[in-house]
Each structure stands twice: as structure tokens, then as C-alpha cells.
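Only one structure is covered here, and it is reproduced in the block below.
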Amino acid sequence: MSSIASRLFFTVGINESADVVPRVARRVCLNSELLKSAKITTGDLVALFAKDGASHGKEFAVGVAWPSIDVQSEHVLVSSSLLLTAALVVNQTVRIIPLSDRVTWKSLPYLPTLRPCVEAGSILLKEILSEGGNTGGRTKPPTLVRGGEWLHLALRELLVDLKYIVNFQIIVLSYQNRQRQFRVQKITTGTNSAPIEQKLLADLDNLSIDKTVGLWQVTWDCNVTLDDSSVPEDNANSQIPTVEELPQSQPQDAYSGVGGLDKQIEIIRDLLEIPLTKPELFRHLGLKAPRGILLHGPPGTGKTHLARAIASSTGSSVLVVNGPELSSAYHGETESKLRNVFKQAREKSPCIVVLDEVDALVPKREEGGGEVEKRVVATLLTILDGMGQEHNEGIDRVVIIGTTNRPNAIDPALRRPGRFDREIEIGIPDAEARFAILSVLLRKTPNNIQKTQLHSLASRMYGYVGADIEAVVREAGTLAIKKWAQGAQPYSSSSTKTLLLQLQDLVDAMPGVRPSAMRSLFFETPPIRYSDIGGQAPVIQKLKEAVEWPLLHPEAFQRLGVKPPKGILLFGPPGCSKTILARACACESGINFVAVKGPEFLEVLNKFVGESERAVREIFRKARAASPSIIFFDEIDALGTSRTASDSDRGSSHEGVLTSLLNEMDGVQELNGVTVIAATNRPEAIDSALMRPGRLDRILWVGPPDCQGREEILKIRTLGMSVGPDVDISAIAQITEGCSGAEITSLCQEAAILTMQEDIHAPHVPQRAFISAAGKIKKQITPAVLQHFDKWRSGCDVRQL
């Protein structure tokens, strides 16, 4: 038997299921055929230790042999508890010895002697490790037991599942999605704990002088306790965020680090500073102090940063709590955590409690929320109603600030005076606010940027929030460091004085940071200039007047009492640069550009009724928030189909989308800072309500270019080509009469391909290639097409070009 046992060397691994299913924790999984040949029975006690003997003569673990057909003959799988107890690591070579093999034990004098196995009466545990990670397993305690006893029950259950433990046993427990490790500190025997399995281990008592190691059996009668000095109490208090004490400072100093929020700061100071610093004034007038405010706006606009500045100006503590952190799956625990948060805030008053992402904590109760959400909402309502009450220790100086980017998702009961007294929007900063933010961020950064240059840069950062601007400055700093490091000057403390942030660094960093306000609608467009488009000079001038003039000359519009156009319709045959004109307009003006493809809405429309209308509203909402911006509707006829059309199958669905589009362009809510550009080659299919002044103010004809326009297009397209000296642009323009810009571009490509077909090594494209390619072009703009557009233009009003 000893010869068989002595061959039990294996490569150890972790049994993943043992950390999920507690009853598997004591198993030492071996190959089934190997156990059979070694004459080891399922459930036999085995010792697990390193190949060269246990370190210091003590580190080993005891488990039960268990057969598995999935384990290879040279491997063994054990639980994390047994692996740590034996001081082993994964892939280490280990030895397994059946404890019933007396001969083997006598041949291993370095292995400590086991006393006869006795039943444990009480076990004292000490936590040695607590990791915040998702281990994949979760021990769910009985719901009838109070929160403080849940961990004790989970530990006792795991010890009972292990069944056999030693004095230095380590157990690993996955509890509330955290992996925690405990070490046995002390084991005492029970009153009626007689030794068991004497026959198995009695003869081993005289094999070693070390008789301190005992083998214990754990039953349900065992009492498990925790060392309170090392284990944090497992209740809601242990998961409350720590109150952060901010140093008291003067109001002007506290707000010096906040830029672009002067209006909001003034309102919040009136609401919060007096209740926190002088609450007795409200009591003198018999009034209740404001209890809280709700800050809503896009992420990164400075809501939490503003709350910290307010707390610093008043010398208050600030307690920042994320809504999801308080959520728990156990009955009553979320409410308990919430009450403990405000209990701690009252102890540290004056205190500001910042509930970040409050919509996740208190959603609307009438929209199918669960019982947990309803209880949490009721708990917070009760807490808010009880704030500011006078008691023996004075008045509670606690103010709550809720932050969210979804204010409509919060329960309406919170959005009334007495709870959230005011709702303040921390919106996307305008040009002046962006300049203030840049000034704050660059205050401690060495630079040579003038204020006028910084004003100009801020006016071009449309849609950028505070976090985006900070990212731009950080990226610009990285670029400046890279440029400075590439120089020949060696690094020294004195040489760094030449390292300055340049305006060009900020300009180069801007394309790498997308505006948060337009991130979900961002449309990547290649840099296209008006100079890249030929033959459309009158249309380009009209686009400049409609889009660029309101940005460059706002005082002129205000002085004359006129408003800039809201919408422009580009109509004409296919291939005449309608889409590229809209993209060039956005690129030249530098404002945010949102491209909407009509067929994409129709695809959504065919699946879910109402989704297209919601998408239209969302696009206009974000475009307003990131104004000034351009919304480009390509193939507008697919969305704005006339409601008098005879196609009854499309009527009701498309009418909803068209109605939403009409309301957004000129409805109750005014469309400020947003210009709509639409393109179509079927203007007769568009509903007349969309074509009236106030919606699509200007209707611009984008037709095929004339001879001079064709020459411009040919010059632009041949700039990047190698053409022969015999190429006559004017002659080519003459023979391409009636061609669109897209067809002329195709002609240049076809001429190059014909040249390569003749000679792949040709140095340039000759004139004959252009002539030959022009003969192969099939013109799509026929006289009938032009006559159709002329007929529609003759019935259009004077707004057309």
C-alpha cells in the first residue's frame, strides 16, 4: 500500500465549483481510475501538502477523496480553502497521502502528528483578506435572520461543509459579491465531544514530538464567532462612504476653481449657505430652511464639483453617495443604508449629502418599479420631511443635493418644495462659460496664450462641457511635452522653463476629444471646404448667409430685429453636390453637425411604432443643448412625405414622424441655435407644411453646373492627378455639357483607368483618355428630368434661388 501511496504526486489546480457550491469545498478531486488502482474509497480522509514536505512542519490540509472523470491522472483539483491552508499555489507539485496508511505516515516524520479527531464546540475566526471583486458565487443567508448574523451563518455553513479542519485552517467565502478569507484563531471542544475515528488515527500519536496539530470535526452544534477587532461589522454602516472634511475658506476662494457657472453659483449660495451657516435666522422668522436642490444636466458639466465648492465655502462636510452603491438585494438593507447615511450626516452637521445618479435610487413608482424601489422612495421621502427639525442638540444643518441627467425618471413626490426645493439645470456651457473654464484650467499652467486667442478658441468649442475642456487641456499638455522632448535641449530643472503650452497645442488636441453633448449623435465627416466644391457658388453664398452670418454678426441681426433662417432645403437632380454642400457648411462654420438619414428612421418605424418619433425628439433635444448646431436630413422626402399621398398603408405611421418633425422645427418650444438643412431630389413629395416659412425658410436649387462650373470641378479633381501637358480643361468642359458633378468626378477616374489599361507605367493621363471616357458617360440628367424640376420650381414661391 505504501508504494502505491508514495506515487501520489500531482499538479494542483483550483476547483471553481467549490467556491460556488459550499458542499464541494472539502473534496479532493482525483482521477477515478487512479483512485480505483490506489484502493482509495470515495470519502476517505487524505492529507494534501507540498511535494518536499510541509513548510515548518505544519502547512497541510485535510480533505476527502472524490472521484472525477474530468480530472486527468496527473492533476488534482481542490477548493481555495484547502489550497490556502496547505500554503500551496496553482500548478505546484503536491503529494496526497491517505490518512489510513500507517506505513506511509511512519516514513514521513516531517509531517506533524494528528491528534485523534474530536468534535469542535466553538471556533473563533479572524478575517485576513477582503477583496471587492465578483467571484461569481454568492452565499445567500436565510431571510429570517438579522443582517449582523448573516455572515456568521454563512461561515458556519462553510465549516460544516468542510467537516474536517485543522488548527490553522483558512476558509474562503464569497459573500455579497466579495471574496473574503478567514483564519481559525482558536478551537475549543464541546461538553460532550468524545474522540471519534479513534481506530483510524490513534496509532499515529507517537510518530512526532509536535502534538499541537489537531484534527477537528465541525457539526451544526458548533458555535462560530468572529474577531471584532479585525472583521468589520457586516451591516449597512460598513458600506457608508466616509464623510470628507473640506477645509473652510472664503466664498470667493472656494468658487475660484469653478468656471462658467456664475448664475448657478449665485442661486445655490442663496439656497444653501444661509441654511448651513445661520439656520437660526429661518427659525426667527418661523420659516423652514430649504432641504435640498436637484442639479440636472449632462455628465461632466460640474454638478458634483459645484457641490464640493459649496461645502468648502460653508466649512461643511460633504458626503458623496452614488445611488447604485446603496442598492441591495436583501430585504430592508437598502433602506437601512439610506437611514445610516443621513444619521452620519447629522452627526457631522453642517453637512451636504450629494446623491449622485439619484434616478437609480428613487425611480418613478408608477412605472412598474419593484417593491424595493417603492420602499426606498418612501424612506427618502420620510427622511427629507424629517430634516431640519429642532431637537435637544439644536437644528439639523443637513442639506441634500441630488444630481442626475434624467430628471424625468425621478419619482414626482421628490420634486416638490419641501424636499427638492429647487431644480437647477447645469447645462452645456456657452462661449463665455467655456472661456471661464479654460481660464481656470490654465491658471497654473505655463502658457503664452492671450485672452483674445482664448476667447476665439472657446467660441469654437461647441458642445464641449467642463470635463471635455479639461480633457482637451490635458491632451494639449501631452502634445506640448512631446514636442519639447523631441528637441535637442537636454532635460534639467532649468530647461523646463522653456516648456510652455501653445495655442496650437489646444487646437491640435480638439479633434481627439469629442463633445459629450453630441457623443451619441456624433457624425464623423472628412474635412471638406467650399473650395473643394465647384460650380455651386450661388448656393454656397446662400449657405454662408444662413449659417455663418448669425455666428459672425449676431449684433447685426439684433440691431435689425430679424431672426436667422431656421431651415434650408437643397433640391436638385442626383449627383449635384447637395450632401457635400451640407458637410462643407458644417466644416467651414465649425459648429456641431448631426446627420440624419431618412431610411434609418423608416427601418426603426417598421419594427417599433413610436420609436421614430422619439428619435426625432431626442435629436432635436441634443442639438438644442449643443447649439449652435446643424441637423442635416438627407433624403428628407422619406420622412416628410406629403400627408395627402394616396398610399394609405404608410399614412398613420409616417404622419407621426412628420408631426414630430413639424413640432420640433416650429412648435411650442422655439428652435434656437439650430439650423436644419434638408436635401432631396423629390421636392414634390414633401408635405407642404414643412415647406412654409418658419420651417424650411430657403429653398435652394442645386442643379447641374454650367460650363464655367464644370471647368472648376475639373480643375479641382485634376489637382491630385498626374495629367499630360496636352490636357485642355476647357475642351473637356465643353463636351461634358449636362453632366453632374458626380459624373465629372467619375469621368476623371475612368480616364485614369483607361490610361492604366493601355500602359500600367504611364507617367500621366493624356487628353485622349479624357475624351474617350467622356464618350462612355451615360448622363442621368436628361431634359425630361430638368423639365420636371422646372415645372415644380415655377409653382414654388419667391424663396427659391
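Here, A, B, ... name the chains of the C-alpha cells in the order displayed, residue numbers run from 1 inside each chain, and ligands are numbered from 1 in the same displayed order.
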According to DSSP computed on the backbone, where in region 266-459 of chain A is there strand (DSSP E or B)? Give the residues as an mmCIF file with C-alpha atoms, in the first residue's frame.
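part04.cif was written with the following content:
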```cif
data_model
loop_
_atom_site.group_PDB
_atom_site.id
_atom_site.type_symbol
_atom_site.label_atom_id
_atom_site.label_comp_id
_atom_site.auth_asym_id
_atom_site.auth_seq_id
_atom_site.Cartn_x
_atom_site.Cartn_y
_atom_site.Cartn_z
ATOM 1 C CA GLY A 292 -32.384 70.190 -0.898
ATOM 2 C CA ILE A 293 -31.871 71.026 -4.535
ATOM 3 C CA LEU A 294 -31.787 68.911 -7.670
ATOM 4 C CA LEU A 295 -28.972 69.535 -10.156
ATOM 5 C CA HIS A 296 -29.674 68.069 -13.551
ATOM 6 C CA SER A 317 -18.649 68.215 5.481
ATOM 7 C CA VAL A 318 -19.649 66.622 2.218
ATOM 8 C CA LEU A 319 -20.879 63.071 1.830
ATOM 9 C CA VAL A 320 -20.909 61.874 -1.776
ATOM 10 C CA VAL A 321 -23.026 58.765 -2.292
ATOM 11 C CA ASN A 322 -23.626 57.080 -5.627
ATOM 12 C CA CYS A 351 -23.138 68.575 6.143
ATOM 13 C CA ILE A 352 -24.068 68.362 2.488
ATOM 14 C CA VAL A 353 -25.238 64.969 1.217
ATOM 15 C CA VAL A 354 -24.676 64.564 -2.512
ATOM 16 C CA LEU A 355 -26.769 61.759 -4.002
ATOM 17 C CA ASP A 356 -25.123 61.177 -7.349
ATOM 18 C CA PRO A 363 -37.206 55.911 -9.823
ATOM 19 C CA GLU A 390 -35.263 71.156 16.140
ATOM 20 C CA HIS A 391 -34.158 68.821 18.936
ATOM 21 C CA GLY A 394 -30.122 72.099 18.051
ATOM 22 C CA ILE A 395 -31.276 72.155 14.421
ATOM 23 C CA VAL A 398 -28.103 68.947 6.644
ATOM 24 C CA VAL A 399 -28.844 69.764 3.016
ATOM 25 C CA ILE A 400 -29.250 67.205 0.248
ATOM 26 C CA ILE A 401 -28.105 67.757 -3.339
ATOM 27 C CA GLY A 402 -29.352 65.301 -5.927
ATOM 28 C CA THR A 403 -27.633 65.022 -9.305
ATOM 29 C CA THR A 404 -28.966 63.312 -12.391
ATOM 30 C CA ILE A 410 -37.266 60.555 -10.622
ATOM 31 C CA ARG A 422 -35.326 73.924 -6.424
ATOM 32 C CA GLU A 423 -34.313 72.295 -9.666
ATOM 33 C CA ILE A 424 -31.282 73.903 -11.276
ATOM 34 C CA GLU A 425 -30.037 72.979 -14.702
ATOM 35 C CA ASN A 447 1.477 79.336 -21.378
#
```
(message) Which residues are close to region 90-97 of chain A, i.e. within 6 Å by only C-alpha atoms, leaving aside same-chain residues fewer than 3 positions away? Reply as a PyMOL selection string.
(response) chain A and resi 8-13+46-51
Any chance you can output those residues with C-alpha atoms as an mmCIF file, in the first residue's frame?
```cif
data_model
loop_
_atom_site.group_PDB
_atom_site.id
_atom_site.type_symbol
_atom_site.label_atom_id
_atom_site.label_comp_id
_atom_site.auth_asym_id
_atom_site.auth_seq_id
_atom_site.Cartn_x
_atom_site.Cartn_y
_atom_site.Cartn_z
ATOM 1 C CA LEU A 8 0.502 10.049 -5.492
ATOM 2 C CA PHE A 9 2.212 13.182 -6.850
ATOM 3 C CA PHE A 10 0.029 15.666 -8.698
ATOM 4 C CA THR A 11 -0.163 19.160 -10.157
ATOM 5 C CA VAL A 12 -2.666 21.076 -8.082
ATOM 6 C CA GLY A 13 -5.416 23.265 -9.502
ATOM 7 C CA VAL A 46 -6.463 12.349 2.711
ATOM 8 C CA ALA A 47 -3.700 14.811 3.559
ATOM 9 C CA LEU A 48 -2.556 17.374 0.984
ATOM 10 C CA PHE A 49 0.871 19.035 1.240
ATOM 11 C CA ALA A 50 3.862 20.124 -0.819
ATOM 12 C CA LYS A 51 5.993 17.522 -2.561
#
```
(request) May I ask which of the residues A:Arg460, A:Ala509, A:Asp359, A:Arg695 is the closest one to Ala480 (chain A), counting only C-alpha atoms? (result)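 Nearest candidate to Ala480 (chain A) out of A:Arg460, A:Ala509, A:Asp359, A:Arg695: A:Ala509.
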(message) Would you compute the distance between CA of Ser642 (chain A) and CA of Thr680 (chain A)? Give it in Å to one decimal.
(response)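 Separating CA of Ser642 (chain A) from CA of Thr680 (chain A) is a distance of 13.6 Å.
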(request) Taking the chain letters and numbering used in this document, name the residues of region 527-567 of chain A that DSSP puts in helix (DSSP H, G or I), as a count of residues only. (result) 26
Report as a PDB file with N, CA and C atoms, in the first residue's frame all protein, DNA and RNA residues lying within 6 Å of region 375-386 of chain A, evaluated on only C-alpha atoms, omitting residues in the same chain fewer than 2 positions from it.
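Everything below was put into selection-v9.pdb:
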```
ATOM      1  N   GLU A 335     -32.860  50.431   2.578  1.00  0.00           N
ATOM      2  CA  GLU A 335     -33.446  51.470   3.428  1.00  0.00           C
ATOM      3  C   GLU A 335     -32.580  51.728   4.652  1.00  0.00           C
ATOM      4  N   VAL A 362     -34.173  56.379  -6.671  1.00  0.00           N
ATOM      5  CA  VAL A 362     -35.591  56.672  -6.436  1.00  0.00           C
ATOM      6  C   VAL A 362     -36.303  56.848  -7.774  1.00  0.00           C
ATOM      7  N   VAL A 372     -38.926  46.933  -3.708  1.00  0.00           N
ATOM      8  CA  VAL A 372     -37.733  47.533  -3.109  1.00  0.00           C
ATOM      9  C   VAL A 372     -37.656  49.011  -3.475  1.00  0.00           C
ATOM     10  N   GLU A 373     -37.868  49.345  -4.756  1.00  0.00           N
ATOM     11  CA  GLU A 373     -37.796  50.733  -5.181  1.00  0.00           C
ATOM     12  C   GLU A 373     -38.859  51.574  -4.488  1.00  0.00           C
ATOM     13  N   ARG A 419     -38.909  69.225  -0.305  1.00  0.00           N
ATOM     14  CA  ARG A 419     -37.988  68.100  -0.496  1.00  0.00           C
ATOM     15  C   ARG A 419     -36.844  68.584  -1.396  1.00  0.00           C
TER      16      ARG A 419
END
```
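Here the question is which of A:Val62, A:Leu226, A:Ala289, A:Lys186 gets nearest to Tyr164 (chain A) using only C-alpha atoms, and that residue is A:Val62.
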(request) Could you tell me which of A:His764, A:Arg793, A:Arg269, A:Arg621 comes closest to Gly673 (chain A) if we count only C-alpha atoms? (result)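 Using only C-alpha atoms, the shortest distance to Gly673 (chain A) belongs to A:Arg621.
Relative to CA of Arg308 (chain A), CA of Phe342 (chain A) is found at 17.5 Å.
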(request) To one decimal in Å, tell me the separation between CA of Ile170 (chain A) and CA of Thr85 (chain A). (result) 5.1 Å
(message) So, with only C-alpha atoms as the atoms that count, which of A:Val465, A:Arg614, A:Asn681, A:Ile123 lies closest to Gly302 (chain A)?
(response)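 Result for the nearest residue to Gly302 (chain A): A:Val465.
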(message) Please list as a VMD selection string every residue within 8 Å of region 745-751 of chain A, counting only C-alpha atoms and excluding residues in the same chain fewer than 3 positions away.
(response) chain A and resid 713 to 714 717 to 718 741 to 742 754 to 755 765 769 to 770 772 to 774 777
(message) Neighbouring residues of Ile636 (chain A) were defined as those with any atom within 7 Å, considering only C-alpha atoms; residues of the same chain fewer than 3 positions away were excluded. Please report them as a VMD selection string.
(response) chain A and resid 598 633 639 to 640 678 to 680
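Nearest-residue note for Ala689 (chain A): choosing from A:Ser722, A:Thr641, A:Ser349, A:Gln344, the minimum distance belongs to A:Thr641, counting only C-alpha atoms.
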